[in-house]
$ cat upload.txt   # compact mmCIF, C-alpha atoms
# COMPACT_ATOMS: atom_id res chain seq x y z
CA MET A 581 58.37 46.44 -72.20
CA GLU A 582 55.92 46.84 -74.98
CA PRO A 583 52.93 44.57 -75.25
CA ASN A 584 54.17 42.85 -78.36
CA ASP A 585 57.66 42.22 -77.05
CA THR A 586 58.53 38.58 -76.37
CA ILE A 587 59.93 37.30 -73.09
CA PRO A 588 63.53 36.23 -73.56
CA ALA A 589 64.28 32.61 -72.84
CA ALA A 590 66.17 31.77 -69.65
CA PRO A 591 69.79 30.98 -70.01
CA GLU A 592 70.80 27.32 -70.11
CA GLY A 593 71.24 25.67 -66.68
CA GLN A 594 68.72 27.92 -64.91
CA PRO A 595 65.05 27.08 -64.26
CA SER A 596 62.51 28.97 -66.22
CA ALA A 597 60.34 31.47 -64.39
CA PRO A 598 56.87 30.24 -63.49
CA THR A 599 54.11 31.40 -65.76
CA GLU A 600 51.69 31.91 -62.75
CA PRO A 601 52.58 32.94 -59.18
CA PRO A 602 51.98 30.27 -56.51
CA VAL A 603 48.78 30.59 -54.49
CA ALA A 604 49.28 31.18 -50.78
CA GLY A 605 48.28 28.21 -48.60
CA ASP A 606 48.92 25.44 -51.14
CA PRO A 607 50.56 22.41 -49.49
CA PRO A 608 54.10 21.84 -50.36
CA GLY A 609 53.40 18.18 -51.18
CA PRO A 610 50.94 15.26 -50.84
CA ARG A 611 49.50 14.64 -47.29
CA ARG A 612 48.96 11.35 -45.39
CA PRO A 613 45.24 10.36 -45.12
CA ARG A 614 43.85 11.61 -41.82
CA GLY A 615 42.41 9.20 -39.16
CA ARG A 616 44.44 6.12 -40.02
CA THR A 617 46.75 6.43 -37.00
CA THR A 618 43.80 6.95 -34.63
CA LEU A 619 42.06 3.82 -35.91
CA ILE A 620 45.21 1.76 -35.48
CA ILE A 621 45.60 2.93 -31.85
CA ALA A 622 41.91 2.26 -31.03
CA ALA A 623 42.06 -1.21 -32.54
CA ALA A 624 45.17 -2.03 -30.55
CA ALA A 625 43.56 -0.82 -27.30
CA LEU A 626 40.40 -2.88 -27.93
CA LEU A 627 42.48 -5.94 -28.70
CA GLY A 628 44.44 -5.46 -25.50
CA ILE A 629 41.29 -5.15 -23.37
CA SER A 630 39.66 -8.20 -24.95
CA GLY A 631 42.78 -10.27 -24.57
CA GLY A 632 43.23 -9.22 -20.95
CA THR A 633 39.61 -10.06 -20.10
CA ALA A 634 39.88 -13.50 -21.69
CA VAL A 635 43.11 -14.25 -19.84
CA GLY A 636 41.56 -13.09 -16.54
CA TYR A 637 38.50 -15.35 -16.97
CA GLY A 638 40.79 -18.26 -17.82
CA ILE A 639 42.87 -17.79 -14.69
CA GLN A 640 39.77 -17.43 -12.48
CA ALA A 641 38.19 -20.56 -13.95
CA GLU A 642 41.26 -22.64 -13.08
CA ARG A 643 41.26 -21.50 -9.45
CA ALA A 644 39.54 -23.52 -6.73
CA PRO A 645 36.30 -21.96 -5.40
CA THR A 646 36.71 -19.85 -2.28
CA PRO A 647 34.77 -21.38 0.64
CA LEU A 648 32.22 -19.18 2.42
CA ALA A 649 33.00 -17.93 5.89
CA VAL A 650 31.50 -19.95 8.73
CA LEU A 651 28.78 -18.45 10.93
CA SER A 652 30.19 -16.59 13.87
CA GLN A 653 27.30 -17.67 16.13
CA PRO A 654 27.06 -21.41 16.85
CA GLY A 655 23.70 -23.12 16.69
CA VAL A 656 22.04 -20.59 14.40
CA GLY A 657 20.92 -23.21 11.87
CA TYR A 658 18.12 -25.66 12.45
CA PRO A 659 19.12 -28.66 14.56
CA ALA A 660 19.78 -31.91 12.75
CA LYS A 661 17.40 -33.72 15.12
CA PRO A 662 14.17 -32.59 16.80
CA LEU A 663 14.61 -31.05 20.21
CA PRO A 664 13.93 -33.23 23.24
CA ALA A 665 10.48 -32.91 24.74
CA ASP A 666 11.80 -31.05 27.77
CA ARG A 667 13.41 -28.39 25.54
CA VAL A 668 10.50 -27.74 23.18
CA PRO A 669 9.02 -24.27 23.97
CA ASP A 670 5.42 -24.20 25.10
CA SER A 671 2.79 -23.01 22.65
CA LEU A 672 1.16 -19.67 23.27
CA PRO A 673 -2.16 -19.89 25.09
CA ALA A 674 -5.23 -18.99 23.08
CA ALA A 675 -5.59 -15.79 25.05
CA GLN A 676 -2.22 -14.59 23.70
CA ASP A 677 -2.27 -16.20 20.25
CA ARG A 678 -4.29 -13.72 18.19
CA GLN A 679 -4.49 -15.95 15.13
CA VAL A 680 -6.09 -18.78 17.12
CA ARG A 681 -8.80 -16.43 18.33
CA THR A 682 -9.53 -14.71 15.02
CA ASP A 683 -9.50 -17.87 12.90
CA GLY A 684 -12.37 -19.29 14.91
CA ASP A 685 -15.95 -18.01 15.02
CA LEU A 686 -15.40 -14.30 14.51
CA ARG A 687 -18.92 -13.52 15.70
CA LYS A 688 -17.90 -14.46 19.25
CA LEU A 689 -15.51 -11.50 19.31
CA LEU A 690 -18.27 -8.96 18.65
CA VAL A 691 -19.39 -6.74 21.51
CA ASP A 692 -22.65 -7.62 23.20
CA ARG A 693 -25.76 -5.57 22.67
CA PRO A 694 -26.33 -3.07 25.49
CA GLU A 695 -29.06 -3.82 27.96
CA GLY A 696 -32.40 -2.57 26.74
CA ALA A 697 -31.26 -2.37 23.10
CA LYS A 698 -33.62 -3.85 20.52
CA LYS A 699 -32.75 -6.01 17.57
CA THR A 700 -32.72 -4.44 14.14
CA LEU A 701 -35.35 -5.30 11.56
CA THR A 702 -33.20 -8.01 9.95
CA ASP A 703 -32.65 -9.62 13.37
CA GLU A 704 -36.36 -9.61 14.12
CA LEU A 705 -37.10 -11.35 10.81
CA GLY A 706 -34.41 -13.95 11.45
CA LEU A 707 -32.37 -12.87 8.44
CA ASP A 708 -29.20 -11.94 10.34
CA ASP A 709 -27.06 -14.71 11.81
CA GLY A 710 -24.07 -12.49 12.55
CA TRP A 711 -22.45 -12.87 9.11
CA GLU A 712 -22.97 -9.88 6.82
CA PRO A 713 -22.66 -10.27 3.03
CA ILE A 714 -20.07 -7.99 1.47
CA ASP A 715 -22.59 -6.38 -0.87
CA GLN A 716 -24.90 -5.60 2.04
CA TYR A 717 -22.07 -3.92 3.97
CA ALA A 718 -21.08 -1.87 0.91
CA GLU A 719 -24.71 -0.94 0.19
CA THR A 720 -25.35 0.24 3.76
CA TYR A 721 -22.34 2.47 4.41
CA TYR A 722 -20.97 3.73 1.08
CA ASP A 723 -22.27 6.11 -1.58
CA ASP A 724 -20.79 3.98 -4.39
CA PRO A 725 -21.43 0.38 -3.26
CA HIS A 726 -20.38 -1.17 -6.58
CA PHE A 727 -16.94 0.43 -6.44
CA MET A 728 -16.54 -0.50 -2.77
CA PHE A 729 -17.57 -4.10 -3.41
CA GLU A 730 -14.93 -4.45 -6.14
CA SER A 731 -12.32 -2.75 -3.95
CA LEU A 732 -12.96 -5.08 -1.00
CA ALA A 733 -12.88 -8.12 -3.26
CA GLU A 734 -9.55 -6.98 -4.73
CA LEU A 735 -8.14 -6.56 -1.22
CA GLU A 736 -9.17 -10.18 -0.51
CA LEU A 737 -11.82 -9.52 2.10
CA ARG A 738 -12.51 -12.88 3.70
CA ARG A 739 -15.66 -12.32 5.79
CA VAL A 740 -17.64 -9.73 7.73
CA ALA A 741 -19.02 -10.36 11.22
CA SER A 742 -21.69 -7.90 12.25
CA VAL A 743 -23.98 -6.99 15.12
CA ALA A 744 -26.53 -4.15 15.17
CA TRP A 745 -29.11 -2.76 17.55
CA ARG A 746 -31.59 0.06 18.00
CA GLN A 747 -31.92 2.29 21.05
CA GLY A 748 -34.76 4.72 21.66
CA GLU A 749 -36.77 5.78 18.64
CA GLN A 750 -34.07 6.67 16.11
CA ARG A 751 -30.56 5.67 17.26
CA GLU A 752 -29.11 2.80 15.25
CA THR A 753 -25.69 1.25 15.87
CA GLY A 754 -23.76 -1.15 13.67
CA VAL A 755 -20.48 -2.91 14.49
CA GLN A 756 -18.58 -4.69 11.72
CA LEU A 757 -15.41 -6.77 11.90
CA LEU A 758 -13.90 -7.05 8.42
CA GLN A 759 -11.38 -9.88 8.22
CA PHE A 760 -9.00 -9.99 5.24
CA ARG A 761 -6.86 -12.89 4.11
CA SER A 762 -3.37 -12.89 5.59
CA GLY A 763 -0.98 -12.62 2.68
CA ASP A 764 1.40 -10.31 0.86
CA ARG A 765 -1.37 -7.86 0.00
CA HIS A 766 -2.02 -6.69 3.58
CA GLY A 767 -5.62 -5.92 2.69
CA ALA A 768 -6.63 -4.91 6.21
CA ALA A 769 -3.95 -2.22 6.44
CA GLU A 770 -4.75 -0.96 2.94
CA HIS A 771 -8.49 -0.70 3.55
CA PHE A 772 -7.94 0.97 6.93
CA GLY A 773 -5.51 3.47 5.40
CA ASP A 774 -7.88 4.27 2.54
CA GLN A 775 -10.74 4.97 4.94
CA LEU A 776 -8.65 7.23 7.17
CA MET A 777 -7.35 9.12 4.14
CA TYR A 778 -10.72 10.50 3.04
CA MET A 779 -12.33 11.00 6.45
CA PRO A 780 -11.05 14.61 6.79
CA TRP A 781 -12.80 15.52 3.50
CA ASP A 782 -15.92 17.64 3.74
CA GLU A 783 -17.69 15.97 0.82
CA ASP A 784 -17.39 12.24 1.56
CA GLY A 785 -15.85 12.11 5.02
CA ALA A 786 -16.47 13.66 8.40
CA GLY A 787 -14.66 16.88 7.57
CA ASN A 788 -12.22 16.52 10.47
CA SER A 789 -9.23 14.40 11.51
CA GLY A 790 -11.05 12.75 14.41
CA ASP A 791 -9.67 11.71 17.79
CA PRO A 792 -7.44 8.75 18.75
CA ILE A 793 -8.93 5.59 20.24
CA LYS A 794 -7.29 4.42 23.44
CA GLY A 795 -5.63 1.04 23.00
CA SER A 796 -5.14 1.45 19.25
CA ARG A 797 -1.99 2.76 17.61
CA ALA A 798 -3.74 4.46 14.67
CA GLY A 799 -7.46 3.99 15.33
CA ARG A 800 -9.65 7.10 15.39
CA TYR A 801 -13.28 8.06 15.95
CA PHE A 802 -15.17 10.84 14.16
CA LEU A 803 -18.28 12.97 14.55
CA TYR A 804 -19.88 14.04 11.26
CA PRO A 805 -21.50 17.45 10.76
CA VAL A 806 -25.29 17.34 10.89
CA GLU A 807 -27.18 16.83 7.62
CA ARG A 808 -30.42 18.71 7.13
CA LYS A 809 -32.96 18.23 4.34
CA ALA A 810 -36.33 19.83 3.95
CA GLY A 811 -39.09 17.53 5.18
CA TYR A 812 -36.70 15.24 7.11
CA LEU A 813 -35.38 15.09 10.64
CA PRO A 814 -31.73 16.12 11.06
CA SER A 815 -29.23 13.27 10.64
CA TYR A 816 -26.20 12.82 12.90
CA ARG A 817 -23.47 10.23 12.45
CA ALA A 818 -20.41 8.98 14.34
CA ARG A 819 -17.83 6.50 13.10
CA ALA A 820 -14.85 4.63 14.58
CA LEU A 821 -12.08 2.88 12.62
CA ALA A 822 -9.23 0.71 13.86
CA VAL A 823 -7.10 -2.18 12.61
CA ARG A 824 -5.83 -5.16 14.60
CA GLY A 825 -3.84 -7.69 12.57
CA ASP A 826 -5.97 -8.83 9.63
CA ILE A 827 -9.19 -7.34 11.05
CA VAL A 828 -10.58 -3.84 10.49
CA LEU A 829 -13.05 -2.54 13.05
CA ASP A 830 -15.78 -0.30 11.60
CA ILE A 831 -18.46 1.13 13.95
CA ASN A 832 -21.25 3.50 12.88
CA ILE A 833 -23.91 5.27 14.95
CA PHE A 834 -26.84 7.16 13.38
CA ASP A 835 -29.33 9.34 15.22
CA THR A 836 -31.61 12.35 14.82
CA VAL A 837 -30.09 14.05 17.87
CA PRO A 838 -26.42 14.89 18.51
CA ILE A 839 -24.13 11.96 19.36
CA GLY A 840 -21.62 12.46 22.15
CA LYS A 841 -17.95 11.61 21.69
CA LYS A 842 -18.12 9.38 24.73
CA ASP A 843 -20.74 7.15 23.08
CA ILE A 844 -18.62 6.25 20.05
CA ARG A 845 -15.31 6.25 21.96
CA THR A 846 -16.34 3.83 24.70
CA LEU A 847 -17.98 1.48 22.22
CA ALA A 848 -14.79 1.38 20.11
CA GLU A 849 -12.67 0.71 23.19
CA ARG A 850 -14.94 -2.12 24.31
CA GLN A 851 -14.72 -3.76 20.87
CA LEU A 852 -10.93 -3.47 20.77
CA GLU A 853 -10.71 -5.18 24.15
CA ARG A 854 -12.61 -8.14 22.70
CA LEU A 855 -10.04 -8.43 19.91
$ encode --input "upload.txt" --output "structure tokens"
Amino acid sequence: MEPNDTIPAAPEGQPSAPTEPPVAGDPPGPRRPRGRTTLIIAAAALLGISGGTAVGYGIQAERAPTPLAVLSQPGVGYPAKPLPADRVPDSLPAAQDRQVRTDGDLRKLLVDRPEGAKKTLTDELGLDDGWEPIDQYAETYYDDPHFMFESLAELELRRVASVAWRQGEQRETGVQLLQFRSGDRHGAAEHFGDQLMYMPWDEDGAGNSGDPIKGSRAGRYFLYPVERKAGYLPSYRARALAVRGDIVLDINIFDTVPIGKKDIRTLAERQLERL
């Protein structure tokens, strides 16, 4: 066919040929909007869950409450009336009731000074009545007394009973009973644990794990390495730590000659027996 020739018309009764070929992939007809069926199903499920929950709550609310099971052991609750005098258990004697002993004059539970031991300077001046101020205790035994004072106050330290003595020319011994308030804080156990934690350190502690004290579950005693400074005598130290209820036992011995383990151990054992 020549370019200028015209396309003959289709005979009557037959469709005319398309002017452009159909593109592959065109839909044969209009499509339904996507997502409508999914939304209808989700809405129906949510309505069913909500309706079922409401019906369940309604049924439960109309039911009578279920009674609790009775105790299987009779007489567990408190009696309705006080017990007769012949059935009331006896109170613990003071020797067995630790709280009765420790709530009294705590100074009476301190170990006695050894024979021949001299009073410390504060005793000689009449400034020591057996009660040691918290700041004085922190100032004497800790490198950072301000921090220790705040820490003890936060742990609710109640009071400190103390006794000290001097033997020979240079040996000084101090025994402190730190009593904390009995409450949820458990200040005695916390303070005792904090002290034991740093004792193995070389910088602030004794540099070793110490040895157990007989009669105490976790109490330990320590010998520090000697400290030497030019122009001064060597310094030796021993320390014992133990906890008994709301009381922490803290014993320190200082000397210019080596301190035997027996010295600090026996003193700690004697003090624990008094508690």
$ atom_distance --input "upload.txt" --atom1 "CA of Asp723 in chain A" --atom2 "CA of Arg687 in chain A"
26.4 Å
$ atom_distance --input "upload.txt" --atom1 "CA of Gly710 in chain A" --atom2 "CA of Val740 in chain A"
8.5 Å
$ atom_distance --input "upload.txt" --atom1 "CA of Gln716 in chain A" --atom2 "CA of Arg739 in chain A"
12.0 Å
$ residues_around --input "upload.txt" --residues "range 742-752 of chain A" --least-positions-apart "2" --cutoff "8 Å" --atoms "only C-alpha atoms" --output "list in words"
Arg687, Leu690, Val691, Arg693, Gly696, Ala697, Lys698, Lys699, Thr700, Gly710, Trp711, Glu712, Val740, Gly754, Val755, Gln756, Leu757, Ile833, Phe834, Asp835 and Thr836 of chain A
$ closest_atom_pairs --input "upload.txt" --of "range 727-806 of chain A" --to "range 816-826 of chain A" --cutoff "8 Å" --atoms "only C-alpha atoms" --output "Markdown table"
| residue | atom | partner | partner_atom | distance |
| --- | --- | --- | --- | --- |
| A:Gln759 | CA | A:Asp826 | CA | 5.7 |
| A:Phe760 | CA | A:Asp826 | CA | 5.5 |
| A:Arg761 | CA | A:Asp826 | CA | 6.9 |
| A:Ser762 | CA | A:Asp826 | CA | 6.3 |
| A:His766 | CA | A:Asp826 | CA | 7.5 |
| A:Gly767 | CA | A:Asp826 | CA | 7.5 |
| A:Ala768 | CA | A:Asp826 | CA | 5.2 |
| A:Ala769 | CA | A:Val823 | CA | 6.9 |
| A:Phe772 | CA | A:Val823 | CA | 6.5 |
| A:Leu776 | CA | A:Leu821 | CA | 7.8 |
| A:Ser796 | CA | A:Ala822 | CA | 6.8 |
| A:Ala798 | CA | A:Ala822 | CA | 6.7 |
| A:Gly799 | CA | A:Ala822 | CA | 4.0 |
| A:Arg800 | CA | A:Leu821 | CA | 5.6 |
| A:Tyr801 | CA | A:Ala820 | CA | 4.0 |
| A:Phe802 | CA | A:Arg819 | CA | 5.2 |
| A:Leu803 | CA | A:Ala818 | CA | 4.5 |
| A:Tyr804 | CA | A:Arg817 | CA | 5.4 |
| A:Pro805 | CA | A:Tyr816 | CA | 6.9 |
| A:Val806 | CA | A:Tyr816 | CA | 5.0 |
$ write_last_selection --input "upload.txt" --atoms "C-alpha atoms" --output "PDB file, keeping the file's coordinate frame"
ATOM      1  CA  GLN A 759     -11.380  -9.880   8.220  1.00  0.00           C
ATOM      2  CA  PHE A 760      -9.000  -9.990   5.240  1.00  0.00           C
ATOM      3  CA  ARG A 761      -6.860 -12.890   4.110  1.00  0.00           C
ATOM      4  CA  SER A 762      -3.370 -12.890   5.590  1.00  0.00           C
ATOM      5  CA  HIS A 766      -2.020  -6.690   3.580  1.00  0.00           C
ATOM      6  CA  GLY A 767      -5.620  -5.920   2.690  1.00  0.00           C
ATOM      7  CA  ALA A 768      -6.630  -4.910   6.210  1.00  0.00           C
ATOM      8  CA  ALA A 769      -3.950  -2.220   6.440  1.00  0.00           C
ATOM      9  CA  PHE A 772      -7.940   0.970   6.930  1.00  0.00           C
ATOM     10  CA  LEU A 776      -8.650   7.230   7.170  1.00  0.00           C
ATOM     11  CA  SER A 796      -5.140   1.450  19.250  1.00  0.00           C
ATOM     12  CA  ALA A 798      -3.740   4.460  14.670  1.00  0.00           C
ATOM     13  CA  GLY A 799      -7.460   3.990  15.330  1.00  0.00           C
ATOM     14  CA  ARG A 800      -9.650   7.100  15.390  1.00  0.00           C
ATOM     15  CA  TYR A 801     -13.280   8.060  15.950  1.00  0.00           C
ATOM     16  CA  PHE A 802     -15.170  10.840  14.160  1.00  0.00           C
ATOM     17  CA  LEU A 803     -18.280  12.970  14.550  1.00  0.00           C
ATOM     18  CA  TYR A 804     -19.880  14.040  11.260  1.00  0.00           C
ATOM     19  CA  PRO A 805     -21.500  17.450  10.760  1.00  0.00           C
ATOM     20  CA  VAL A 806     -25.290  17.340  10.890  1.00  0.00           C
TER      21      VAL A 806
END
$ closest_residue --input "upload.txt" --among "A:Asp685, A:Glu736, A:Asp666, A:Asp709" --to "His771 in chain A" --atoms "all atoms listed in the file"
A:Glu736
